[in-house]
Amino acid sequence: MMQQRLKSVALENVRIHDVFWDKYIDLVEDVILPFQWELINDRVEGAEKSYCIQNFRIVNEKRKEPHMGMVFQDTDVAKWLEAVAYSLAKKPNAKLEELADQAISLIEGAQCEDGYLNTYYTITGKERWSDLLEGHELYTAGHMIEAAVAYYEATGKEKFLRVVSRFADYMCDVFGSEEGKNHGYPGHPEVELALVKLYHTTGEERYLALADHFVRSRGEQPCYFEKEDCVREGNYIFPEFADFRMDYLQAHMPLREQKTAEGHAVRAVYLYSAMADLAGEYRDEELLKQCGELWENITQRRMYITGGIGSAAFGERFTCDYDLPNNTNYSESCATIGLAMFSNRMFQITRDGKYMDTVEQALYNTLLAGIAMDGRHFFYVNPLEVIPEVAENNPTMRHVKTERQKWFGVACCPPNISRTLASMGNYICAAGENTIYSNLFISSEISAELECGTVGIRLAADYPSKGEILYGFTGEEAKTFTLAMRRPGYCSRCTVKVNREEVFPREEKGYLYLNRTWMPGDQVELSLDVPFRFVHCNPRVHENIGRIALMKGPRVYCLEEADNGKYLRSVMVSPDAEITEEYREDLLGGTLCAAFQGKRIDYSQVSEVLYGDERPAYTEDTFTAVPYCEWNNRGKGEMIVWMRECL
């Protein structure tokens, strides 16, 4: 029997003050959101134009000008608004709120009388809902809904919520299984999970029913998309769609029969997030089981060590089990964020710590690698190995950027990173009945509503640099409740002390449960074993046979040319090599580095002969590794995660 789904603690009740995360989260309000506002207004010199706000102004002012940018360009401002909302939930900012209100007024002014909202179709006059496969109308609607819900929750202002509710009402009239309605569903899933959020905010059950329709009708045969003109006549908006089959859209078979993650990685994990939502809402054990099977397929066969997914650049998609190339992979930032969303939902339903292990892996690595330390440059693609002169001259690697970019014509990733950083509190802890779950060890102050009343916890950590986690209970009276602390899957040993006396909590599904009457001032010390460790890959991954990677806790490390010179592929290291930790305050705002001995080819002894009998000579050397998430912040250069293993 499924338990009641856990809830995230409200963002305004989670105050983060963490030595590691602050340098990223503080960027959101101080740098990223103002900078991205300038970007979507096309006021940043040298950056690709967004045209997003321009399109809304064209509609508002009824100008006879063409729509510019992609069909989903409206989502640039939607995701920006969602990030603003999360920022405002934690800290008022009158200037930022004023900009957001200006954007919302533009969105309201672009809404049609019947509730429809989409600048591309309004400006071009193309028939609505005629190209669900690639037109992104429902995807764009989903991001608008998510932004409006977040903004209402943060500010209490109803204007944006009324706009998207009118749009959702219109969609409910258009779509459904009933005769006379459109039986289609999104080419790019997103609106499904957004409709669930809107249902929770408004209580309107038909929003939940529409989300359920979109999910459960997906893949029914004959496939809906095959009826559309773009498929029948080949007149695609995006020419590459002519080469894609229906598995690209997760529509190749009835959804309940799908057991492996196929197609476009972002589409897949957004869809699976909605499936998990619906499984929780309807207490659907079979749907939840299917979600678990899909999650296992991703994380055990199709996920990079960094939490990245989607190994193929063509189609930004999954390929097959164990196909995980390092230098040509795509690993779109949005896909990793979607995986974290999916995994967090699965944890909230099952209370199984393995899902939060994956959330942690994704957030500490690929998410943060997508943004530079200055908050003004971004990666869309996240490879695990880069040789700049190869990536810049080999057309098969044209998707790999050797330096972060200011912006992208298709700019889904930068604002997605922003909204995730702004909402980190949603992942730190969760609450249900009379238990608070501690998921991520990020220094913070938490106030959670449990059955026993309001519970205050102060969490102090320098994780994963150190494994000492301290919980202090605040408040003025005793409370009886359960503290559940995640024991990460990598952690072989841990100890727990309450008020300096060792205790032995009940452990279940990766959580340590302590139930007692807590007094103000009580403390819990959780000591996790977080050593540097060399990690092997399943040898079915051909790319990584004979290679090892370095990790500390969830954090993946890499070698960079800035520390180790060129030809990093020649580096060999023993898994028994002694690792020395070195915290460098002068590097990237403070970074814990790792140093170890190994071997490398002595290229000063290598001739210019392309083929011959000469064997390369190796020399001993000391190598320095830095967190993967911080690579490429010191200029262009080689980078490698998987090093050759000395046997």
# chains A, B, ... in the order shown; residues from 1 in each chain; ligands from 1

$ closest_atom_pairs --of "range 163-240 of chain A" --to "range 313-326 of chain A" --cutoff "12 Å" --atoms "only C-alpha atoms" --output "tab-separated table"
residue	atom	partner	partner_atom	distance
A:Phe238	CA	A:Gly315	CA	11.1
A:Pro239	CA	A:Gly315	CA	11.6
A:Glu240	CA	A:Gly315	CA	8.1

$ write_last_selection --atoms "N, CA, C and O atoms" --output "mmCIF file, in the first residue's frame"
data_model
loop_
_atom_site.group_PDB
_atom_site.id
_atom_site.type_symbol
_atom_site.label_atom_id
_atom_site.label_comp_id
_atom_site.auth_asym_id
_atom_site.auth_seq_id
_atom_site.Cartn_x
_atom_site.Cartn_y
_atom_site.Cartn_z
ATOM 1 N N PHE A 238 11.386 21.475 -37.904
ATOM 2 C CA PHE A 238 12.771 21.073 -37.679
ATOM 3 C C PHE A 238 13.086 19.919 -38.629
ATOM 4 O O PHE A 238 12.588 18.802 -38.439
ATOM 5 N N PRO A 239 13.893 20.141 -39.657
ATOM 6 C CA PRO A 239 14.129 19.118 -40.687
ATOM 7 C C PRO A 239 14.615 17.782 -40.142
ATOM 8 O O PRO A 239 14.306 16.731 -40.716
ATOM 9 N N GLU A 240 15.363 17.811 -39.028
ATOM 10 C CA GLU A 240 15.901 16.549 -38.504
ATOM 11 C C GLU A 240 14.808 15.590 -38.041
ATOM 12 O O GLU A 240 15.045 14.386 -37.907
#

$ select_by_dssp --residues "range 192-436 of chain A" --states "strand (DSSP E)" --output "MDAnalysis selection string"
chainID A and resid 385:386 429:432 435:436

$ write_last_selection --atoms "N, CA and C atoms" --output "PDB file, in the first residue's frame"
ATOM      1  N   GLU A 385      35.196  14.507 -21.475  1.00  0.00           N
ATOM      2  CA  GLU A 385      36.564  14.588 -21.982  1.00  0.00           C
ATOM      3  C   GLU A 385      36.583  15.603 -23.121  1.00  0.00           C
ATOM      4  N   VAL A 386      37.556  16.518 -23.084  1.00  0.00           N
ATOM      5  CA  VAL A 386      37.641  17.545 -24.120  1.00  0.00           C
ATOM      6  C   VAL A 386      39.095  17.773 -24.506  1.00  0.00           C
ATOM      7  N   CYS A 429      15.269  18.898   2.057  1.00  0.00           N
ATOM      8  CA  CYS A 429      14.519  18.103   3.040  1.00  0.00           C
ATOM      9  C   CYS A 429      13.077  17.936   2.578  1.00  0.00           C
ATOM     10  N   ALA A 430      12.394  17.000   3.216  1.00  0.00           N
ATOM     11  CA  ALA A 430      10.983  16.743   2.939  1.00  0.00           C
ATOM     12  C   ALA A 430      10.309  16.345   4.239  1.00  0.00           C
ATOM     13  N   ALA A 431       8.997  16.504   4.282  1.00  0.00           N
ATOM     14  CA  ALA A 431       8.263  16.216   5.513  1.00  0.00           C
ATOM     15  C   ALA A 431       7.005  15.430   5.206  1.00  0.00           C
ATOM     16  N   GLY A 432       6.642  14.565   6.141  1.00  0.00           N
ATOM     17  CA  GLY A 432       5.422  13.786   6.023  1.00  0.00           C
ATOM     18  C   GLY A 432       5.025  13.233   7.368  1.00  0.00           C
ATOM     19  N   THR A 435       7.523  13.020  10.485  1.00  0.00           N
ATOM     20  CA  THR A 435       8.928  12.750  10.164  1.00  0.00           C
ATOM     21  C   THR A 435       9.462  13.820   9.227  1.00  0.00           C
ATOM     22  N   ILE A 436      10.672  14.277   9.511  1.00  0.00           N
ATOM     23  CA  ILE A 436      11.370  15.173   8.592  1.00  0.00           C
ATOM     24  C   ILE A 436      12.570  14.419   8.032  1.00  0.00           C
TER      25      ILE A 436
END

$ residues_around --residues "Arg216 in chain A" --least-positions-apart "5" --cutoff "10 Å" --atoms "only C-alpha atoms" --output "number ranges by chain"
A: 185, 210-211, 254-256, 275, 278, 287

$ write_last_selection --atoms "all heavy atoms" --output "PDB file, in the first residue's frame"
ATOM      1  N   TYR A 185      -1.587  14.733 -27.769  1.00  0.00           N
ATOM      2  CA  TYR A 185      -0.806  14.942 -26.543  1.00  0.00           C
ATOM      3  C   TYR A 185       0.500  15.618 -26.947  1.00  0.00           C
ATOM      4  O   TYR A 185       0.836  15.694 -28.141  1.00  0.00           O
ATOM      5  CB  TYR A 185      -0.551  13.613 -25.831  1.00  0.00           C
ATOM      6  CG  TYR A 185      -0.249  12.450 -26.743  1.00  0.00           C
ATOM      7  CD1 TYR A 185       1.034  12.235 -27.243  1.00  0.00           C
ATOM      8  CD2 TYR A 185      -1.271  11.580 -27.143  1.00  0.00           C
ATOM      9  CE1 TYR A 185       1.307  11.184 -28.100  1.00  0.00           C
ATOM     10  CE2 TYR A 185      -1.002  10.520 -28.001  1.00  0.00           C
ATOM     11  CZ  TYR A 185       0.290  10.326 -28.472  1.00  0.00           C
ATOM     12  OH  TYR A 185       0.563   9.282 -29.328  1.00  0.00           O
ATOM     13  N   LEU A 210      -6.739  16.265 -17.083  1.00  0.00           N
ATOM     14  CA  LEU A 210      -6.120  16.510 -18.385  1.00  0.00           C
ATOM     15  C   LEU A 210      -4.684  15.999 -18.396  1.00  0.00           C
ATOM     16  O   LEU A 210      -4.242  15.395 -19.382  1.00  0.00           O
ATOM     17  CB  LEU A 210      -6.152  18.002 -18.722  1.00  0.00           C
ATOM     18  CG  LEU A 210      -5.561  18.397 -20.084  1.00  0.00           C
ATOM     19  CD1 LEU A 210      -6.272  17.662 -21.220  1.00  0.00           C
ATOM     20  CD2 LEU A 210      -5.629  19.906 -20.296  1.00  0.00           C
ATOM     21  N   ALA A 211      -3.967  16.215 -17.302  1.00  0.00           N
ATOM     22  CA  ALA A 211      -2.608  15.672 -17.211  1.00  0.00           C
ATOM     23  C   ALA A 211      -2.638  14.155 -17.347  1.00  0.00           C
ATOM     24  O   ALA A 211      -1.810  13.560 -18.058  1.00  0.00           O
ATOM     25  CB  ALA A 211      -1.975  16.074 -15.882  1.00  0.00           C
ATOM     26  N   PRO A 254       2.224   1.843 -26.503  1.00  0.00           N
ATOM     27  CA  PRO A 254       1.470   2.337 -25.352  1.00  0.00           C
ATOM     28  C   PRO A 254       2.398   2.570 -24.163  1.00  0.00           C
ATOM     29  O   PRO A 254       3.300   1.765 -23.888  1.00  0.00           O
ATOM     30  CB  PRO A 254       0.469   1.213 -25.082  1.00  0.00           C
ATOM     31  CG  PRO A 254       0.254   0.591 -26.431  1.00  0.00           C
ATOM     32  CD  PRO A 254       1.595   0.648 -27.101  1.00  0.00           C
ATOM     33  N   LEU A 255       2.184   3.649 -23.473  1.00  0.00           N
ATOM     34  CA  LEU A 255       3.109   4.064 -22.430  1.00  0.00           C
ATOM     35  C   LEU A 255       3.320   2.986 -21.373  1.00  0.00           C
ATOM     36  O   LEU A 255       4.440   2.761 -20.895  1.00  0.00           O
ATOM     37  CB  LEU A 255       2.596   5.350 -21.773  1.00  0.00           C
ATOM     38  CG  LEU A 255       3.567   6.027 -20.812  1.00  0.00           C
ATOM     39  CD1 LEU A 255       4.855   6.424 -21.503  1.00  0.00           C
ATOM     40  CD2 LEU A 255       2.915   7.244 -20.176  1.00  0.00           C
ATOM     41  N   ARG A 256       2.268   2.279 -21.020  1.00  0.00           N
ATOM     42  CA  ARG A 256       2.392   1.269 -19.961  1.00  0.00           C
ATOM     43  C   ARG A 256       3.249   0.078 -20.381  1.00  0.00           C
ATOM     44  O   ARG A 256       3.639  -0.734 -19.544  1.00  0.00           O
ATOM     45  CB  ARG A 256       1.007   0.782 -19.532  1.00  0.00           C
ATOM     46  CG  ARG A 256       0.293   1.779 -18.629  1.00  0.00           C
ATOM     47  CD  ARG A 256      -0.975   1.188 -18.050  1.00  0.00           C
ATOM     48  NE  ARG A 256      -1.634   2.090 -17.135  1.00  0.00           N
ATOM     49  CZ  ARG A 256      -1.375   2.190 -15.831  1.00  0.00           C
ATOM     50  NH1 ARG A 256      -0.432   1.427 -15.304  1.00  0.00           N
ATOM     51  NH2 ARG A 256      -2.036   3.027 -15.066  1.00  0.00           N
ATOM     52  N   MET A 275       4.494  11.074 -14.829  1.00  0.00           N
ATOM     53  CA  MET A 275       4.011   9.734 -14.492  1.00  0.00           C
ATOM     54  C   MET A 275       4.107   9.485 -12.988  1.00  0.00           C
ATOM     55  O   MET A 275       3.176   8.943 -12.363  1.00  0.00           O
ATOM     56  CB  MET A 275       4.819   8.675 -15.250  1.00  0.00           C
ATOM     57  CG  MET A 275       4.540   8.616 -16.737  1.00  0.00           C
ATOM     58  SD  MET A 275       5.739   7.577 -17.627  1.00  0.00           S
ATOM     59  CE  MET A 275       5.460   5.978 -16.860  1.00  0.00           C
ATOM     60  N   LEU A 278       1.387  11.394 -11.163  1.00  0.00           N
ATOM     61  CA  LEU A 278       0.067  10.764 -11.289  1.00  0.00           C
ATOM     62  C   LEU A 278      -0.012   9.469 -10.498  1.00  0.00           C
ATOM     63  O   LEU A 278      -1.064   9.141  -9.932  1.00  0.00           O
ATOM     64  CB  LEU A 278      -0.247  10.525 -12.766  1.00  0.00           C
ATOM     65  CG  LEU A 278      -0.443  11.809 -13.585  1.00  0.00           C
ATOM     66  CD1 LEU A 278      -0.431  11.507 -15.067  1.00  0.00           C
ATOM     67  CD2 LEU A 278      -1.744  12.508 -13.187  1.00  0.00           C
ATOM     68  N   LEU A 287       1.635   1.940 -12.130  1.00  0.00           N
ATOM     69  CA  LEU A 287       2.320   3.058 -12.765  1.00  0.00           C
ATOM     70  C   LEU A 287       3.602   3.397 -12.007  1.00  0.00           C
ATOM     71  O   LEU A 287       4.633   3.706 -12.613  1.00  0.00           O
ATOM     72  CB  LEU A 287       1.398   4.272 -12.822  1.00  0.00           C
ATOM     73  CG  LEU A 287       1.901   5.478 -13.634  1.00  0.00           C
ATOM     74  CD1 LEU A 287       2.184   5.093 -15.077  1.00  0.00           C
ATOM     75  CD2 LEU A 287       0.896   6.629 -13.565  1.00  0.00           C
TER      76      LEU A 287
END

$ residues_around --residues "range 387-393 of chain A" --least-positions-apart "3" --cutoff "6 Å" --atoms "only C-alpha atoms" --output "count of residues only"
3

$ residues_around --residues "Leu588 in chain A" --least-positions-apart "4" --cutoff "8 Å" --atoms "only C-alpha atoms" --output "list in words"
Met373, Glu630 and Asn633 of chain A

$ residues_around --residues "range 332-335 of chain A" --least-positions-apart "5" --cutoff "6 Å" --atoms "only C-alpha atoms" --output "PDB file with all heavy atoms, in the first residue's frame"
ATOM      1  N   ALA A 265      16.162  12.835 -24.339  1.00  0.00           N
ATOM      2  CA  ALA A 265      16.319  12.610 -22.902  1.00  0.00           C
ATOM      3  C   ALA A 265      15.481  13.575 -22.069  1.00  0.00           C
ATOM      4  O   ALA A 265      14.899  13.172 -21.052  1.00  0.00           O
ATOM      5  CB  ALA A 265      17.793  12.721 -22.523  1.00  0.00           C
ATOM      6  N   VAL A 266      15.403  14.839 -22.473  1.00  0.00           N
ATOM      7  CA  VAL A 266      14.620  15.800 -21.701  1.00  0.00           C
ATOM      8  C   VAL A 266      13.143  15.446 -21.769  1.00  0.00           C
ATOM      9  O   VAL A 266      12.440  15.442 -20.754  1.00  0.00           O
ATOM     10  CB  VAL A 266      14.853  17.239 -22.200  1.00  0.00           C
ATOM     11  CG1 VAL A 266      14.014  18.232 -21.394  1.00  0.00           C
ATOM     12  CG2 VAL A 266      16.325  17.608 -22.100  1.00  0.00           C
ATOM     13  N   TYR A 380      25.664  24.065 -22.482  1.00  0.00           N
ATOM     14  CA  TYR A 380      24.435  23.349 -22.839  1.00  0.00           C
ATOM     15  C   TYR A 380      24.739  21.859 -22.837  1.00  0.00           C
ATOM     16  O   TYR A 380      23.945  21.034 -22.409  1.00  0.00           O
ATOM     17  CB  TYR A 380      24.021  23.815 -24.233  1.00  0.00           C
ATOM     18  CG  TYR A 380      22.627  23.487 -24.690  1.00  0.00           C
ATOM     19  CD1 TYR A 380      21.642  24.463 -24.710  1.00  0.00           C
ATOM     20  CD2 TYR A 380      22.297  22.217 -25.149  1.00  0.00           C
ATOM     21  CE1 TYR A 380      20.362  24.191 -25.172  1.00  0.00           C
ATOM     22  CE2 TYR A 380      21.029  21.930 -25.613  1.00  0.00           C
ATOM     23  CZ  TYR A 380      20.060  22.919 -25.617  1.00  0.00           C
ATOM     24  OH  TYR A 380      18.801  22.637 -26.069  1.00  0.00           O
ATOM     25  N   VAL A 381      25.944  21.540 -23.320  1.00  0.00           N
ATOM     26  CA  VAL A 381      26.434  20.163 -23.458  1.00  0.00           C
ATOM     27  C   VAL A 381      27.533  19.943 -22.431  1.00  0.00           C
ATOM     28  O   VAL A 381      28.336  20.833 -22.162  1.00  0.00           O
ATOM     29  CB  VAL A 381      26.975  19.937 -24.886  1.00  0.00           C
ATOM     30  CG1 VAL A 381      27.608  18.571 -25.032  1.00  0.00           C
ATOM     31  CG2 VAL A 381      25.846  20.131 -25.899  1.00  0.00           C
ATOM     32  N   CYS A 413      18.640  25.705 -21.385  1.00  0.00           N
ATOM     33  CA  CYS A 413      19.467  25.293 -20.251  1.00  0.00           C
ATOM     34  C   CYS A 413      19.789  26.412 -19.268  1.00  0.00           C
ATOM     35  O   CYS A 413      19.636  26.221 -18.055  1.00  0.00           O
ATOM     36  CB  CYS A 413      20.748  24.630 -20.745  1.00  0.00           C
ATOM     37  SG  CYS A 413      20.457  23.049 -21.577  1.00  0.00           S
TER      38      CYS A 413
END

$ closest_residue --among "A:Tyr151, A:Ser130, A:Val215, A:Ala594" --to "Asn182 in chain A" --atoms "only C-alpha atoms"
A:Ser130

$ select_by_dssp --residues "range 355-576 of chain A" --states "alpha helix (DSSP H)" --output "PyMOL selection string"
chain A and resi 355-362+368-369+388-391+413-422+425-428+561-564

$ closest_residue --among "A:Arg301, A:Glu190, A:Tyr120, A:Met485" --to "Met341 in chain A" --atoms "only C-alpha atoms"
A:Glu190

$ atom_distance --atom1 "CA of Thr201 in chain A" --atom2 "CA of Lys7 in chain A"
13.8 Å

$ residues_around --residues "range 18-29 of chain A" --least-positions-apart "3" --cutoff "7 Å" --atoms "only C-alpha atoms" --output "PDB file with C-alpha atoms, in the first residue's frame"
ATOM      1  CA  ILE A  32      22.175  35.632 -13.128  1.00  0.00           C
ATOM      2  CA  LEU A  33      18.612  36.957 -12.988  1.00  0.00           C
ATOM      3  CA  SER A  87      14.306  33.934  -5.364  1.00  0.00           C
ATOM      4  CA  GLY A 375      27.224  33.481 -13.544  1.00  0.00           C
ATOM      5  CA  SER A 418      18.763  29.350 -12.686  1.00  0.00           C
ATOM      6  CA  LEU A 421      19.634  26.850  -8.111  1.00  0.00           C
ATOM      7  CA  ALA A 422      16.950  29.226  -6.872  1.00  0.00           C
ATOM      8  CA  ILE A 442      23.668  21.687   2.875  1.00  0.00           C
ATOM      9  CA  SER A 443      24.108  24.098   5.782  1.00  0.00           C
ATOM     10  CA  SER A 444      20.725  25.661   6.357  1.00  0.00           C
ATOM     11  CA  ASP A 462      31.006  21.315   4.996  1.00  0.00           C
TER      12      ASP A 462
END

$ closest_residue --among "A:Leu11, A:Ala209, A:Ile469, A:Ala110" --to "Arg486 in chain A" --atoms "only C-alpha atoms"
A:Ile469

$ decode --residues "range 379-391 of chain A" --atoms "N, CA, C and O atoms" --output "compact mmCIF listing (two decimals), in the first residue's frame"
# COMPACT_ATOMS: atom_id res chain seq x y z
N PHE A 379 27.25 26.27 -20.23
CA PHE A 379 27.34 25.10 -21.10
C PHE A 379 25.93 24.55 -21.30
O PHE A 379 25.12 24.52 -20.37
N TYR A 380 25.66 24.06 -22.48
CA TYR A 380 24.44 23.35 -22.84
C TYR A 380 24.74 21.86 -22.84
O TYR A 380 23.95 21.03 -22.41
N VAL A 381 25.94 21.54 -23.32
CA VAL A 381 26.43 20.16 -23.46
C VAL A 381 27.53 19.94 -22.43
O VAL A 381 28.34 20.83 -22.16
N ASN A 382 27.58 18.75 -21.83
CA ASN A 382 28.50 18.50 -20.73
C ASN A 382 29.31 17.22 -20.95
O ASN A 382 29.02 16.17 -20.38
N PRO A 383 30.36 17.29 -21.78
CA PRO A 383 31.19 16.12 -22.05
C PRO A 383 32.06 15.76 -20.84
O PRO A 383 32.23 16.57 -19.92
N LEU A 384 32.62 14.56 -20.87
CA LEU A 384 33.51 14.12 -19.80
C LEU A 384 34.96 14.09 -20.25
O LEU A 384 35.85 13.70 -19.48
N GLU A 385 35.20 14.51 -21.48
CA GLU A 385 36.56 14.59 -21.98
C GLU A 385 36.58 15.60 -23.12
O GLU A 385 35.72 15.56 -24.00
N VAL A 386 37.56 16.52 -23.08
CA VAL A 386 37.64 17.55 -24.12
C VAL A 386 39.10 17.77 -24.51
O VAL A 386 39.96 17.95 -23.65
N ILE A 387 39.34 17.75 -25.81
CA ILE A 387 40.61 18.19 -26.38
C ILE A 387 40.23 19.31 -27.33
O ILE A 387 39.68 19.07 -28.40
N PRO A 388 40.50 20.57 -26.96
CA PRO A 388 39.96 21.71 -27.73
C PRO A 388 40.24 21.67 -29.22
O PRO A 388 39.33 21.91 -30.03
N GLU A 389 41.49 21.37 -29.62
CA GLU A 389 41.79 21.42 -31.05
C GLU A 389 41.05 20.35 -31.83
O GLU A 389 40.77 20.51 -33.03
N VAL A 390 40.70 19.26 -31.16
CA VAL A 390 39.90 18.22 -31.82
C VAL A 390 38.43 18.65 -31.87
O VAL A 390 37.79 18.59 -32.92
N ALA A 391 37.89 19.07 -30.75
CA ALA A 391 36.48 19.45 -30.69
C ALA A 391 36.16 20.60 -31.63
O ALA A 391 35.06 20.67 -32.19
